[in-house]
Structures are given as structure tokens and as C-alpha cells.
file run.pdb (PDB, C-alpha atoms)
MODEL        1
ATOM      1  CA  MET A   1     -35.567 118.645 106.869
ATOM      2  CA  THR A   2     -36.534 117.260 110.294
ATOM      3  CA  MET A   3     -39.545 119.572 110.443
ATOM      4  CA  ARG A   4     -40.692 118.255 107.066
ATOM      5  CA  TYR A   5     -40.509 114.661 108.310
ATOM      6  CA  VAL A   6     -42.398 115.557 111.487
ATOM      7  CA  LYS A   7     -45.035 117.353 109.403
ATOM      8  CA  ASN A   8     -45.383 114.437 106.954
ATOM      9  CA  PHE A   9     -45.553 111.993 109.867
ATOM     10  CA  GLY A  10     -48.335 114.082 111.420
ATOM     11  CA  ILE A  11     -50.212 114.326 108.115
ATOM     12  CA  PHE A  12     -49.953 110.558 107.611
ATOM     13  CA  TRP A  13     -51.480 109.780 111.035
ATOM     14  CA  TYR A  14     -54.133 112.492 110.647
ATOM     15  CA  ASP A  15     -55.186 110.943 107.312
ATOM     16  CA  PHE A  16     -54.984 107.445 108.766
ATOM     17  CA  ILE A  17     -57.111 108.144 111.833
ATOM     18  CA  VAL A  18     -59.252 111.171 111.059
ATOM     19  CA  GLY A  19     -59.561 110.612 107.287
ATOM     20  CA  ASP A  20     -61.779 112.576 104.906
ATOM     21  CA  ASP A  21     -64.313 113.803 107.420
ATOM     22  CA  TRP A  22     -63.141 115.252 110.737
ATOM     23  CA  THR A  23     -66.705 115.390 112.060
ATOM     24  CA  ILE A  24     -66.583 111.605 112.563
ATOM     25  CA  ALA A  25     -63.680 111.815 115.021
ATOM     26  CA  VAL A  26     -65.127 114.834 116.853
ATOM     27  CA  GLY A  27     -68.605 113.275 116.914
ATOM     28  CA  VAL A  28     -67.364 109.950 118.312
ATOM     29  CA  VAL A  29     -65.411 111.674 121.099
ATOM     30  CA  ALA A  30     -68.448 113.836 121.974
ATOM     31  CA  ILE A  31     -70.767 110.801 122.022
ATOM     32  CA  MET A  32     -68.349 108.911 124.279
ATOM     33  CA  VAL A  33     -68.123 111.834 126.725
ATOM     34  CA  ILE A  34     -71.918 112.294 126.870
ATOM     35  CA  SER A  35     -72.452 108.544 127.348
ATOM     36  CA  PHE A  36     -69.917 108.492 130.183
ATOM     37  CA  LEU A  37     -71.644 111.435 131.881
ATOM     38  CA  LEU A  38     -75.085 109.811 131.474
ATOM     39  CA  GLU A  39     -73.806 106.628 133.128
ATOM     40  CA  GLN A  40     -72.262 108.695 135.952
ATOM     41  CA  VAL A  41     -75.656 110.235 136.800
ATOM     42  CA  GLY A  42     -77.297 106.818 136.715
ATOM     43  CA  VAL A  43     -78.950 106.955 133.284
ATOM     44  CA  PRO A  44     -78.354 103.827 131.166
ATOM     45  CA  ALA A  45     -76.559 105.145 128.079
ATOM     46  CA  TRP A  46     -76.336 102.086 125.794
ATOM     47  CA  TRP A  47     -79.309 103.182 123.682
ATOM     48  CA  PHE A  48     -77.943 106.730 123.345
ATOM     49  CA  PHE A  49     -74.464 105.496 122.472
ATOM     50  CA  PHE A  50     -75.732 103.194 119.733
ATOM     51  CA  LEU A  51     -78.298 105.583 118.242
ATOM     52  CA  ALA A  52     -75.923 108.547 118.321
ATOM     53  CA  ILE A  53     -73.234 106.614 116.406
ATOM     54  CA  CYS A  54     -75.835 105.538 113.805
ATOM     55  CA  GLY A  55     -77.002 109.150 113.590
ATOM     56  CA  LEU A  56     -73.415 110.302 113.086
ATOM     57  CA  LEU A  57     -73.001 107.768 110.279
ATOM     58  CA  PHE A  58     -76.161 109.091 108.621
ATOM     59  CA  TYR A  59     -74.933 112.677 108.957
ATOM     60  CA  THR A  60     -71.500 111.985 107.449
ATOM     61  CA  VAL A  61     -72.928 109.914 104.593
ATOM     62  CA  LYS A  62     -75.535 112.568 103.744
ATOM     63  CA  ARG A  63     -72.858 115.270 103.892
ATOM     64  CA  ALA A  64     -70.634 113.336 101.483
ATOM     65  CA  ALA A  65     -73.553 112.583  99.146
ATOM     66  CA  ARG A  66     -74.547 116.263  99.094
ATOM     67  CA  ASP A  67     -70.970 117.336  98.285
TER
ATOM     68  CA  MET B   1     -67.147  81.500 121.327
ATOM     69  CA  THR B   2     -69.355  83.479 118.915
ATOM     70  CA  SER B   3     -67.254  86.575 119.497
ATOM     71  CA  ASP B   4     -64.075  84.531 118.819
ATOM     72  CA  VAL B   5     -65.482  83.509 115.441
ATOM     73  CA  LEU B   6     -66.539  87.086 114.671
ATOM     74  CA  LEU B   7     -63.076  88.331 115.614
ATOM     75  CA  LEU B   8     -61.434  85.743 113.372
ATOM     76  CA  VAL B   9     -63.768  86.510 110.454
ATOM     77  CA  GLY B  10     -63.305  90.272 110.898
ATOM     78  CA  ALA B  11     -59.496  90.041 110.876
ATOM     79  CA  PHE B  12     -59.597  87.600 107.940
ATOM     80  CA  LEU B  13     -61.834  89.828 105.802
ATOM     81  CA  ALA B  14     -59.912  93.011 106.631
ATOM     82  CA  SER B  15     -56.612  91.345 105.790
ATOM     83  CA  ALA B  16     -57.955  89.746 102.597
ATOM     84  CA  VAL B  17     -59.440  92.982 101.269
ATOM     85  CA  GLU B  18     -56.279  94.996 101.969
ATOM     86  CA  MET B  19     -54.077  92.284 100.512
ATOM     87  CA  VAL B  20     -56.124  92.258  97.294
ATOM     88  CA  GLU B  21     -55.154  95.929  96.914
ATOM     89  CA  ALA B  22     -51.502  95.285  97.798
ATOM     90  CA  LEU B  23     -51.368  92.320  95.403
ATOM     91  CA  THR B  24     -52.541  94.523  92.528
ATOM     92  CA  ILE B  25     -49.592  96.872  93.106
ATOM     93  CA  VAL B  26     -47.051  94.041  93.511
ATOM     94  CA  PHE B  27     -48.436  92.283  90.450
ATOM     95  CA  ALA B  28     -48.205  95.455  88.333
ATOM     96  CA  MET B  29     -44.558  95.870  89.381
ATOM     97  CA  GLY B  30     -43.743  92.198  88.760
ATOM     98  CA  VAL B  31     -45.292  92.108  85.290
ATOM     99  CA  THR B  32     -43.639  95.334  84.129
ATOM    100  CA  ARG B  33     -40.290  95.321  85.907
ATOM    101  CA  GLY B  34     -39.557  91.709  86.880
ATOM    102  CA  TRP B  35     -40.526  89.844  90.022
ATOM    103  CA  ARG B  36     -37.395  89.807  92.172
ATOM    104  CA  SER B  37     -37.392  93.368  93.534
ATOM    105  CA  PRO B  38     -41.176  93.708  94.150
ATOM    106  CA  LEU B  39     -41.171  90.364  95.961
ATOM    107  CA  ILE B  40     -38.218  91.409  98.132
ATOM    108  CA  GLY B  41     -39.957  94.760  98.793
ATOM    109  CA  SER B  42     -43.168  92.929  99.814
ATOM    110  CA  ALA B  43     -41.287  90.527 102.081
ATOM    111  CA  VAL B  44     -39.461  93.395 103.837
ATOM    112  CA  ALA B  45     -42.788  95.245 104.310
ATOM    113  CA  LEU B  46     -44.382  92.118 105.819
ATOM    114  CA  MET B  47     -41.413  91.799 108.189
ATOM    115  CA  VAL B  48     -41.784  95.446 109.258
ATOM    116  CA  LEU B  49     -45.504  94.846 109.904
ATOM    117  CA  GLY B  50     -44.670  91.719 111.915
ATOM    118  CA  VAL B  51     -42.204  93.726 114.021
ATOM    119  CA  ILE B  52     -44.819  96.471 114.616
ATOM    120  CA  VAL B  53     -47.379  93.913 115.847
ATOM    121  CA  ALA B  54     -44.737  92.041 117.895
ATOM    122  CA  ILE B  55     -43.594  95.242 119.660
ATOM    123  CA  LEU B  56     -46.936  96.992 120.131
ATOM    124  CA  GLY B  57     -48.910  93.847 121.028
ATOM    125  CA  PRO B  58     -47.191  93.127 124.383
ATOM    126  CA  LEU B  59     -47.058  96.864 125.166
ATOM    127  CA  LEU B  60     -50.822  97.213 124.702
ATOM    128  CA  ALA B  61     -51.452  93.996 126.616
ATOM    129  CA  ASN B  62     -49.897  95.608 129.728
ATOM    130  CA  ILE B  63     -52.290  98.581 129.736
ATOM    131  CA  PRO B  64     -55.417  98.091 131.914
ATOM    132  CA  LEU B  65     -58.418  97.058 129.830
ATOM    133  CA  SER B  66     -60.794  99.911 130.695
ATOM    134  CA  PRO B  67     -58.657 102.889 129.503
ATOM    135  CA  LEU B  68     -57.463 100.756 126.609
ATOM    136  CA  ARG B  69     -61.043 100.172 125.479
ATOM    137  CA  ILE B  70     -61.802 103.873 125.637
ATOM    138  CA  VAL B  71     -58.921 104.708 123.302
ATOM    139  CA  ILE B  72     -58.962 101.625 121.103
ATOM    140  CA  GLY B  73     -62.753 101.325 121.009
ATOM    141  CA  GLY B  74     -62.992 105.003 120.088
ATOM    142  CA  LEU B  75     -60.386 104.607 117.339
ATOM    143  CA  LEU B  76     -62.180 101.522 116.046
ATOM    144  CA  VAL B  77     -65.510 103.370 115.820
ATOM    145  CA  ILE B  78     -63.825 106.269 113.981
ATOM    146  CA  PHE B  79     -61.987 103.897 111.663
ATOM    147  CA  GLY B  80     -65.071 101.725 111.141
ATOM    148  CA  LEU B  81     -67.315 104.710 110.360
ATOM    149  CA  GLN B  82     -64.800 105.853 107.728
ATOM    150  CA  TRP B  83     -64.877 102.408 106.057
ATOM    151  CA  LEU B  84     -68.634 102.190 106.315
ATOM    152  CA  ARG B  85     -69.135 105.708 104.973
ATOM    153  CA  LYS B  86     -67.102 104.909 101.858
ATOM    154  CA  ALA B  87     -68.792 101.509 101.471
ATOM    155  CA  ILE B  88     -72.290 103.062 101.724
ATOM    156  CA  LEU B  89     -71.368 105.776  99.205
ATOM    157  CA  ARG B  90     -69.998 103.115  96.810
ATOM    158  CA  ALA B  91     -72.997 100.803  97.215
ATOM    159  CA  SER B  92     -75.433 103.671  96.595
ATOM    160  CA  GLY B  93     -73.584 104.949  93.520
ATOM    161  CA  TYR B  94     -72.284 108.209  95.032
ATOM    162  CA  LYS B  95     -68.665 107.031  94.830
ATOM    163  CA  ALA B  96     -66.983 104.982  92.102
ATOM    164  CA  LEU B  97     -66.558 101.297  92.898
ATOM    165  CA  HIS B  98     -63.036 100.141  93.670
ATOM    166  CA  ASP B  99     -61.755  98.753  90.373
ATOM    167  CA  GLU B 100     -58.605  96.604  90.616
ATOM    168  CA  ASN B 101     -58.265  96.386  86.813
ATOM    169  CA  ALA B 102     -58.152 100.175  86.490
ATOM    170  CA  ILE B 103     -55.666 100.471  89.365
ATOM    171  CA  PHE B 104     -53.524  97.730  87.802
ATOM    172  CA  ALA B 105     -53.490  99.512  84.422
ATOM    173  CA  ARG B 106     -52.503 102.805  86.062
ATOM    174  CA  GLU B 107     -49.686 101.192  88.076
ATOM    175  CA  VAL B 108     -48.357  99.447  84.944
ATOM    176  CA  GLU B 109     -48.299 102.750  83.012
ATOM    177  CA  GLU B 110     -46.469 104.505  85.838
ATOM    178  CA  ALA B 111     -43.980 101.627  86.176
ATOM    179  CA  LYS B 112     -43.226 101.733  82.428
ATOM    180  CA  ALA B 113     -42.785 105.504  82.510
ATOM    181  CA  ALA B 114     -40.404 105.309  85.473
ATOM    182  CA  GLY B 115     -37.524 103.978  83.349
ATOM    183  CA  PRO B 116     -35.084 101.169  84.160
ATOM    184  CA  GLY B 117     -33.806 102.222  87.642
ATOM    185  CA  VAL B 118     -31.781  99.037  88.201
ATOM    186  CA  ALA B 119     -28.688  99.407  90.392
ATOM    187  CA  SER B 120     -26.593  96.610  91.926
ATOM    188  CA  GLY B 121     -29.047  93.960  90.750
ATOM    189  CA  MET B 122     -31.981  95.606  92.500
ATOM    190  CA  ASP B 123     -34.763  97.540  90.768
ATOM    191  CA  TRP B 124     -35.354 100.160  93.424
ATOM    192  CA  TYR B 125     -38.528 101.485  91.787
ATOM    193  CA  GLY B 126     -40.144  98.046  91.900
ATOM    194  CA  PHE B 127     -38.852  97.462  95.434
ATOM    195  CA  THR B 128     -40.053 100.817  96.771
ATOM    196  CA  VAL B 129     -43.513 100.779  95.186
ATOM    197  CA  ALA B 130     -44.153  97.193  96.354
ATOM    198  CA  PHE B 131     -42.751  97.924  99.823
ATOM    199  CA  LYS B 132     -44.863 101.051 100.196
ATOM    200  CA  GLY B 133     -48.000  99.363  98.837
ATOM    201  CA  VAL B 134     -47.760  96.344 101.140
ATOM    202  CA  LEU B 135     -46.738  98.449 104.155
ATOM    203  CA  LEU B 136     -49.516 101.030 103.795
ATOM    204  CA  GLU B 137     -52.262  98.482 103.102
ATOM    205  CA  GLY B 138     -50.808  96.247 105.816
ATOM    206  CA  LEU B 139     -50.764  99.031 108.410
ATOM    207  CA  GLU B 140     -54.551  99.050 108.400
ATOM    208  CA  VAL B 141     -54.507  95.294 108.973
ATOM    209  CA  ALA B 142     -51.920  95.659 111.769
ATOM    210  CA  PHE B 143     -54.136  98.334 113.341
ATOM    211  CA  ILE B 144     -57.171  96.040 113.153
ATOM    212  CA  VAL B 145     -55.233  93.056 114.539
ATOM    213  CA  LEU B 146     -53.932  95.120 117.460
ATOM    214  CA  THR B 147     -57.245  96.805 118.277
ATOM    215  CA  PHE B 148     -59.411  93.694 117.819
ATOM    216  CA  GLY B 149     -56.834  91.518 119.564
ATOM    217  CA  THR B 150     -56.225  93.677 122.635
ATOM    218  CA  SER B 151     -59.882  94.581 123.162
ATOM    219  CA  HIS B 152     -60.884  90.940 122.891
ATOM    220  CA  GLY B 153     -57.861  89.751 124.854
ATOM    221  CA  SER B 154     -56.393  87.631 122.070
ATOM    222  CA  ILE B 155     -53.927  89.184 119.634
ATOM    223  CA  PRO B 156     -52.852  85.700 118.391
ATOM    224  CA  LEU B 157     -56.440  84.913 117.327
ATOM    225  CA  ALA B 158     -56.768  88.207 115.427
ATOM    226  CA  ALA B 159     -53.299  87.703 113.921
ATOM    227  CA  ALA B 160     -54.254  84.167 112.836
ATOM    228  CA  GLY B 161     -57.300  85.531 110.991
ATOM    229  CA  ALA B 162     -55.167  88.200 109.312
ATOM    230  CA  VAL B 163     -52.440  85.740 108.298
ATOM    231  CA  ALA B 164     -55.098  83.394 106.902
ATOM    232  CA  GLY B 165     -56.447  86.267 104.771
ATOM    233  CA  LEU B 166     -52.954  87.080 103.553
ATOM    234  CA  VAL B 167     -52.186  83.443 102.689
ATOM    235  CA  VAL B 168     -55.485  82.859 100.869
ATOM    236  CA  VAL B 169     -55.154  86.018  98.757
ATOM    237  CA  GLY B 170     -51.460  85.322  98.118
ATOM    238  CA  LEU B 171     -52.156  81.749  96.993
ATOM    239  CA  VAL B 172     -55.079  82.735  94.760
ATOM    240  CA  GLY B 173     -52.953  85.526  93.260
ATOM    241  CA  ALA B 174     -50.056  83.141  92.613
ATOM    242  CA  VAL B 175     -52.364  80.633  90.923
ATOM    243  CA  ILE B 176     -54.338  82.979  88.666
ATOM    244  CA  ARG B 177     -51.436  85.409  88.070
ATOM    245  CA  ALA B 178     -53.695  88.407  87.578
ATOM    246  CA  PRO B 179     -55.132  91.153  89.761
ATOM    247  CA  LEU B 180     -58.018  89.777  91.808
ATOM    248  CA  SER B 181     -60.668  91.877  90.102
ATOM    249  CA  ARG B 182     -63.382  89.242  90.533
ATOM    250  CA  VAL B 183     -63.150  89.240  94.293
ATOM    251  CA  PRO B 184     -66.270  91.003  95.635
ATOM    252  CA  GLU B 185     -64.010  93.640  97.135
ATOM    253  CA  ASN B 186     -66.649  96.310  97.636
ATOM    254  CA  THR B 187     -68.953  93.863  99.415
ATOM    255  CA  MET B 188     -66.055  92.739 101.604
ATOM    256  CA  LYS B 189     -65.238  96.350 102.466
ATOM    257  CA  PHE B 190     -68.871  96.872 103.483
ATOM    258  CA  ALA B 191     -68.682  93.794 105.734
ATOM    259  CA  VAL B 192     -65.404  94.953 107.290
ATOM    260  CA  GLY B 193     -66.870  98.418 107.880
ATOM    261  CA  VAL B 194     -69.861  96.862 109.678
ATOM    262  CA  MET B 195     -67.580  94.688 111.819
ATOM    263  CA  LEU B 196     -65.163  97.491 112.724
ATOM    264  CA  THR B 197     -68.030  99.800 113.634
ATOM    265  CA  GLY B 198     -69.951  97.101 115.526
ATOM    266  CA  PHE B 199     -66.947  95.914 117.545
ATOM    267  CA  GLY B 200     -65.918  99.540 118.107
ATOM    268  CA  ILE B 201     -69.367 100.530 119.405
ATOM    269  CA  PHE B 202     -69.390  97.565 121.790
ATOM    270  CA  TRP B 203     -65.865  98.042 123.173
ATOM    271  CA  ALA B 204     -65.882 101.849 123.254
ATOM    272  CA  GLY B 205     -69.240 101.625 125.047
ATOM    273  CA  GLU B 206     -67.742  99.302 127.650
ATOM    274  CA  GLY B 207     -64.774 101.666 127.932
ATOM    275  CA  VAL B 208     -67.037 104.582 128.942
ATOM    276  CA  GLN B 209     -68.894 102.280 131.357
ATOM    277  CA  VAL B 210     -71.970 101.661 129.239
ATOM    278  CA  GLU B 211     -73.661  98.429 130.358
ATOM    279  CA  TRP B 212     -74.938  96.536 127.350
ATOM    280  CA  PRO B 213     -78.168  94.592 127.927
ATOM    281  CA  GLY B 214     -77.380  90.877 127.822
ATOM    282  CA  GLY B 215     -73.621  91.398 128.190
ATOM    283  CA  SER B 216     -71.461  90.046 125.385
ATOM    284  CA  ILE B 217     -74.514  88.686 123.490
ATOM    285  CA  ALA B 218     -75.267  92.349 122.724
ATOM    286  CA  LEU B 219     -72.246  92.374 120.396
ATOM    287  CA  LEU B 220     -74.096  90.170 117.925
ATOM    288  CA  ALA B 221     -77.195  92.372 118.123
ATOM    289  CA  VAL B 222     -75.071  95.502 117.621
ATOM    290  CA  LEU B 223     -73.414  93.980 114.536
ATOM    291  CA  LEU B 224     -76.765  92.937 113.040
ATOM    292  CA  LEU B 225     -78.295  96.342 113.727
ATOM    293  CA  VAL B 226     -75.293  98.206 112.283
ATOM    294  CA  PHE B 227     -75.588  96.053 109.159
ATOM    295  CA  GLY B 228     -79.358  96.595 108.872
ATOM    296  CA  ILE B 229     -79.158 100.341 109.456
ATOM    297  CA  SER B 230     -76.219 100.759 107.034
ATOM    298  CA  TRP B 231     -78.070  98.836 104.347
ATOM    299  CA  GLY B 232     -81.111 101.016 105.025
ATOM    300  CA  TYR B 233     -78.914 104.078 104.358
ATOM    301  CA  VAL B 234     -77.751 102.506 101.074
ATOM    302  CA  LEU B 235     -81.365 102.007  99.940
ATOM    303  CA  LEU B 236     -82.292 105.539 101.006
ATOM    304  CA  LEU B 237     -79.358 107.089  99.137
ATOM    305  CA  ARG B 238     -80.104 104.998  96.032
ATOM    306  CA  GLN B 239     -83.650 106.353  96.041
ATOM    307  CA  GLN B 240     -82.372 109.878  96.570
ATOM    308  CA  ARG B 241     -79.860 109.516  93.722
ATOM    309  CA  ALA B 242     -82.488 108.105  91.361
ATOM    310  CA  ALA B 243     -84.829 110.998  92.234
ATOM    311  CA  HIS B 244     -82.040 113.551  91.596
ATOM    312  CA  GLN B 245     -81.255 111.972  88.241
ATOM    313  CA  ALA B 246     -84.929 111.947  87.256
ATOM    314  CA  ASP B 247     -85.198 115.632  88.248
ATOM    315  CA  ARG B 248     -82.101 116.513  86.237
ATOM    316  CA  LEU B 249     -83.315 114.649  83.165
ATOM    317  CA  GLY B 250     -86.728 116.265  83.607
ATOM    318  CA  SER B 251     -85.207 119.743  83.725
ATOM    319  CA  LEU B 252     -83.290 118.972  80.516
ATOM    320  CA  GLY B 253     -86.535 117.887  78.868
ATOM    321  CA  VAL B 254     -85.420 114.243  78.480
ATOM    322  CA  LYS B 255     -88.213 111.689  78.951
TER
ENDMDL
END
call {"tool": "encode", "arguments": {"input": "run.pdb", "output": "C-alpha cells"}}
result
Amino acid sequence: MTMRYVKNFGIFWYDFIVGDDWTIAVGVVAIMVISFLLEQVGVPAWWFFFLAICGLLFYTVKRAARD
Amino acid sequence: MTSDVLLLVGAFLASAVEMVEALTIVFAMGVTRGWRSPLIGSAVALMVLGVIVAILGPLLANIPLSPLRIVIGGLLVIFGLQWLRKAILRASGYKALHDENAIFAREVEEAKAAGPGVASGMDWYGFTVAFKGVLLEGLEVAFIVLTFGTSHGSIPLAAAGAVAGLVVVGLVGAVIRAPLSRVPENTMKFAVGVMLTGFGIFWAGEGVQVEWPGGSIALLAVLLLVFGISWGYVLLLRQQRAAHQADRLGSLGVK
């Protein structure tokens, strides 16, 4: 009974945050890590951060349209 | 100042669009099963949402801004991209438009089929469906209020925008006594998706130490660019869809 509630609770938050396409969540985390590393080595990362997010949006939309 | 207005508008639109959906469910319950229980269910859900914001708001406010922006900015980008993805697919015809009339009709059928279910003066079916509808739609608004509010440093401002959205939709619903099917819901969802993604990009970027050219003015540029690029995707997908349909008709020999 408790396990079922824990599982349902987990499923609810997974759906709420990750949603239909897990590649969005993974992509955003990857883009944030790369941007952080670029800034650490002295490369301005604002352009990469913005373009990579727009690229991720294009990828996920195209993927959904193809499916 | 500009970012205050954008924050207020973003919270208002997000709240209004979610409340249109919640109102459809409450209205379907009220029309089919009587108003008392769905209204009590909605009020309890709003109280639960208020408690969530009241507890989490001060907790989040005590976390240092930089790690908070990493987590909250990241969540906002993820959340915003999900909204925007659906909005782009709807606007380009790849996903059915959100239709409040159809949802209302389905809820009414289900409510009729559920039977009487009245015990001790309370219709628990009406209560539960309304409670669940308002709570689930409202959770997204609570999430937006908390993330917008803490990242911007003003939960009350974000909450004011959300409450204004709730009040406006509630009043309009009470006056017209029908699901708000004429509200440009899909357009509003597109706008909310742009704002969530734009704010998320800006704050998550700051969280991972990205320095935006022009400081906070860049937020406006980011929002405009996200809008322009998203609309470009809509146009591209529309063209692609039209080409696919022409190909399919061609292969079937239809001129």
C-alpha cells in the first residue's frame, strides 16, 4: 500500500517535471553543465546557452511531429 | 520595472489559462450534480494551494540565490520547453487544439454516468473531481508563482498576478455561466510557454554564471527572440505538414 503511494507520487512528479519527452530535461541539464564549464575556462557562454536551448526546442518539436 | 511587469503578466496569463481549464471541470460538475459540493471542493483545493505557496515561499526565500537559480531556472526551462513544444505542435496542426467545449461535454457525460453518490449532504464525486481539477491545474500555477517569485525576488508580485488571473477568470465564468471556450486559450498557452522559457533561460543562465550582455535588459531580448524563433518553428512545421499532405494526396491520385 505504502509502496504504491510512493510509486504514484514518483510518477506524478516525473510527469509534472519531465513530461512527455525526457530528452528536454536531459538536454537542459547538459546545456547548463557545458555553459558552466565554458564560463569557468573564460569563454562567454551566453550565446551557446541561448542557441543550444533553441536547438533543443527544435529537436523535440521535430521529434514529436515525426512521431 | 520592465521585468516586474513581465513577471506580473506571466503569472497572470499562466493562472488565467490554467483556471479556464479548472473552471470547465467545476462547471461540468455544477451543472450536472449541483453547485454546493464542487464549489466546496474548489475552495478546499485553493486553500491547499495557498498553504503550499505560504510554506514553500519562505523556505525558498532562505536559500542563496545562485544555487536556487540553477535549480529553479533549470526547472523553468524544462517546464517552459514542454509548454512551448505543445503550443508549437498545436499552432502548426500536429496536435489537436485544446477544446473546452469537448472537455466540458466529456466531463458532463462522466458525471452523469457516475450515479448519485450523495452522502451526508455532500456529493463526494462532485467534490473530488472539482478538488482534483483545481488542485492539479493550480499546482502548475503555484510552481510558476514560486519559481518566478523567488528568482525575481518577489513572490508577492507573482502571487498578485496569479490571483488576478484567478479572479478575472472566476468572475467571467460566473457571469457567462458557461465554459470559457471563446478565450484564446491556445494563444495564451503559447505566450506562457514563451515567458516560462525566456525567464528560465535568463535565470538558469545566471545560475550557471553566464553573463548576459546588457544585464537585465537581455531578458527582454531573450523573450523576443524565443517568441520569434518559436513562431518560425510554427511556420516551418506548417509548411512541412502541408507538403506531407500534398504528397499523400498525390500518392492517392487526388488532385
call {"tool": "resolve_selection", "arguments": {"input": "run.pdb", "expression": "the PyMOL selection byres ((chain B) within 6 of (chain A))", "output": "count of residues only"}}
result
5
call {"tool": "resolve_selection", "arguments": {"input": "run.pdb", "expression": "the PyMOL selection byres ((chain B and resi 227) around 9)", "output": "list in words"}}
result
Phe190, Ala191, Val194, Met195, Gly198, Val222, Leu223, Leu224, Leu225, Val226, Gly228, Ile229, Ser230, Trp231 and Gly232 of chain B
call {"tool": "atom_distance", "arguments": {"input": "run.pdb", "atom1": "atom CA of B:Phe202", "atom2": "atom CA of B:Thr150"}}
result
13.8 Å
call {"tool": "closest_residue", "arguments": {"input": "run.pdb", "among": "B:Leu97, B:Val51, B:Trp124, B:Val141", "to": "B:Leu166", "atoms": "all atoms listed in the file"}}
result
B:Val141
call {"tool": "resolve_selection", "arguments": {"input": "run.pdb", "expression": "the PyMOL selection byres ((chain B and resi 193) around 9)", "output": "PyMOL selection string"}}
result
chain B and resi 14+79-87+188-192+194-198
call {"tool": "axis_aligned_box", "arguments": {"input": "run.pdb", "around": "stretch 56-63 of chain A", "padding_each_side": "8 Å", "output": "lines of an AutoDock Vina configuration file"}}
result
center_x = -73.8
center_y = 111.5
center_z = 108.4
size_x = 20.7
size_y = 23.5
size_z = 25.3
call {"tool": "closest_residue", "arguments": {"input": "run.pdb", "among": "B:Leu237, B:Ala45, B:Val5, B:Ile217", "to": "B:Thr128", "atoms": "all atoms listed in the file"}}
result
B:Ala45
call {"tool": "atom_distance", "arguments": {"input": "run.pdb", "atom1": "atom CA of B:Phe27", "atom2": "atom CA of B:Arg106"}}
result
12.1 Å
call {"tool": "atom_distance", "arguments": {"input": "run.pdb", "atom1": "atom CA of B:Leu39", "atom2": "atom CA of B:Leu23"}}
result
10.4 Å
call {"tool": "residues_around", "arguments": {"input": "run.pdb", "residues": "B:Ala28", "least_positions_apart": "2", "cutoff": "12 Å", "atoms": "all atoms listed in the file", "output": "PyMOL selection string"}}
result
chain B and resi 21-26+30-35+38-39+100-112+125-127+129-130+133+177-180
call {"tool": "write_last_selection", "arguments": {"input": "run.pdb", "atoms": "C-alpha atoms", "output": "mmCIF file, keeping the file's coordinate frame"}}
result
data_model
loop_
_atom_site.group_PDB
_atom_site.id
_atom_site.type_symbol
_atom_site.label_atom_id
_atom_site.label_comp_id
_atom_site.auth_asym_id
_atom_site.auth_seq_id
_atom_site.Cartn_x
_atom_site.Cartn_y
_atom_site.Cartn_z
ATOM 1 C CA GLU B 21 -55.154 95.929 96.914
ATOM 2 C CA ALA B 22 -51.502 95.285 97.798
ATOM 3 C CA LEU B 23 -51.368 92.320 95.403
ATOM 4 C CA THR B 24 -52.541 94.523 92.528
ATOM 5 C CA ILE B 25 -49.592 96.872 93.106
ATOM 6 C CA VAL B 26 -47.051 94.041 93.511
ATOM 7 C CA GLY B 30 -43.743 92.198 88.760
ATOM 8 C CA VAL B 31 -45.292 92.108 85.290
ATOM 9 C CA THR B 32 -43.639 95.334 84.129
ATOM 10 C CA ARG B 33 -40.290 95.321 85.907
ATOM 11 C CA GLY B 34 -39.557 91.709 86.880
ATOM 12 C CA TRP B 35 -40.526 89.844 90.022
ATOM 13 C CA PRO B 38 -41.176 93.708 94.150
ATOM 14 C CA LEU B 39 -41.171 90.364 95.961
ATOM 15 C CA GLU B 100 -58.605 96.604 90.616
ATOM 16 C CA ASN B 101 -58.265 96.386 86.813
ATOM 17 C CA ALA B 102 -58.152 100.175 86.490
ATOM 18 C CA ILE B 103 -55.666 100.471 89.365
ATOM 19 C CA PHE B 104 -53.524 97.730 87.802
ATOM 20 C CA ALA B 105 -53.490 99.512 84.422
ATOM 21 C CA ARG B 106 -52.503 102.805 86.062
ATOM 22 C CA GLU B 107 -49.686 101.192 88.076
ATOM 23 C CA VAL B 108 -48.357 99.447 84.944
ATOM 24 C CA GLU B 109 -48.299 102.750 83.012
ATOM 25 C CA GLU B 110 -46.469 104.505 85.838
ATOM 26 C CA ALA B 111 -43.980 101.627 86.176
ATOM 27 C CA LYS B 112 -43.226 101.733 82.428
ATOM 28 C CA TYR B 125 -38.528 101.485 91.787
ATOM 29 C CA GLY B 126 -40.144 98.046 91.900
ATOM 30 C CA PHE B 127 -38.852 97.462 95.434
ATOM 31 C CA VAL B 129 -43.513 100.779 95.186
ATOM 32 C CA ALA B 130 -44.153 97.193 96.354
ATOM 33 C CA GLY B 133 -48.000 99.363 98.837
ATOM 34 C CA ARG B 177 -51.436 85.409 88.070
ATOM 35 C CA ALA B 178 -53.695 88.407 87.578
ATOM 36 C CA PRO B 179 -55.132 91.153 89.761
ATOM 37 C CA LEU B 180 -58.018 89.777 91.808
#
call {"tool": "decode", "arguments": {"input": "run.pdb", "residues": "stretch 1-11 of chain A", "atoms": "N, CA and C atoms", "output": "mmCIF file, in the first residue's frame"}}
result
data_model
loop_
_atom_site.group_PDB
_atom_site.id
_atom_site.type_symbol
_atom_site.label_atom_id
_atom_site.label_comp_id
_atom_site.auth_asym_id
_atom_site.auth_seq_id
_atom_site.Cartn_x
_atom_site.Cartn_y
_atom_site.Cartn_z
ATOM 1 N N MET A 1 0.845 -1.215 0.000
ATOM 2 C CA MET A 1 0.000 0.000 0.000
ATOM 3 C C MET A 1 0.882 1.268 0.000
ATOM 4 N N THR A 2 1.834 1.289 0.955
ATOM 5 C CA THR A 2 2.736 2.453 1.043
ATOM 6 C C THR A 2 3.582 2.557 -0.220
ATOM 7 N N MET A 3 4.065 1.386 -0.680
ATOM 8 C CA MET A 3 4.900 1.374 -1.887
ATOM 9 C C MET A 3 4.138 1.938 -3.088
ATOM 10 N N ARG A 4 2.820 1.607 -3.133
ATOM 11 C CA ARG A 4 2.009 2.084 -4.252
ATOM 12 C C ARG A 4 1.905 3.613 -4.226
ATOM 13 N N TYR A 5 1.713 4.154 -3.000
ATOM 14 C CA TYR A 5 1.631 5.612 -2.868
ATOM 15 C C TYR A 5 2.950 6.278 -3.268
ATOM 16 N N VAL A 6 4.049 5.671 -2.811
ATOM 17 C CA VAL A 6 5.374 6.228 -3.139
ATOM 18 C C VAL A 6 5.574 6.205 -4.655
ATOM 19 N N LYS A 7 5.160 5.076 -5.275
ATOM 20 C CA LYS A 7 5.321 4.925 -6.720
ATOM 21 C C LYS A 7 4.466 5.964 -7.455
ATOM 22 N N ASN A 8 3.188 6.090 -7.027
ATOM 23 C CA ASN A 8 2.298 7.064 -7.673
ATOM 24 C C ASN A 8 2.802 8.493 -7.496
ATOM 25 N N PHE A 9 3.347 8.763 -6.290
ATOM 26 C CA PHE A 9 3.895 10.088 -6.001
ATOM 27 C C PHE A 9 5.064 10.377 -6.957
ATOM 28 N N GLY A 10 5.919 9.365 -7.119
ATOM 29 C CA GLY A 10 7.068 9.497 -8.026
ATOM 30 C C GLY A 10 6.621 9.706 -9.464
ATOM 31 N N ILE A 11 5.615 8.928 -9.884
ATOM 32 C CA ILE A 11 5.109 9.045 -11.260
ATOM 33 C C ILE A 11 4.526 10.429 -11.492
#
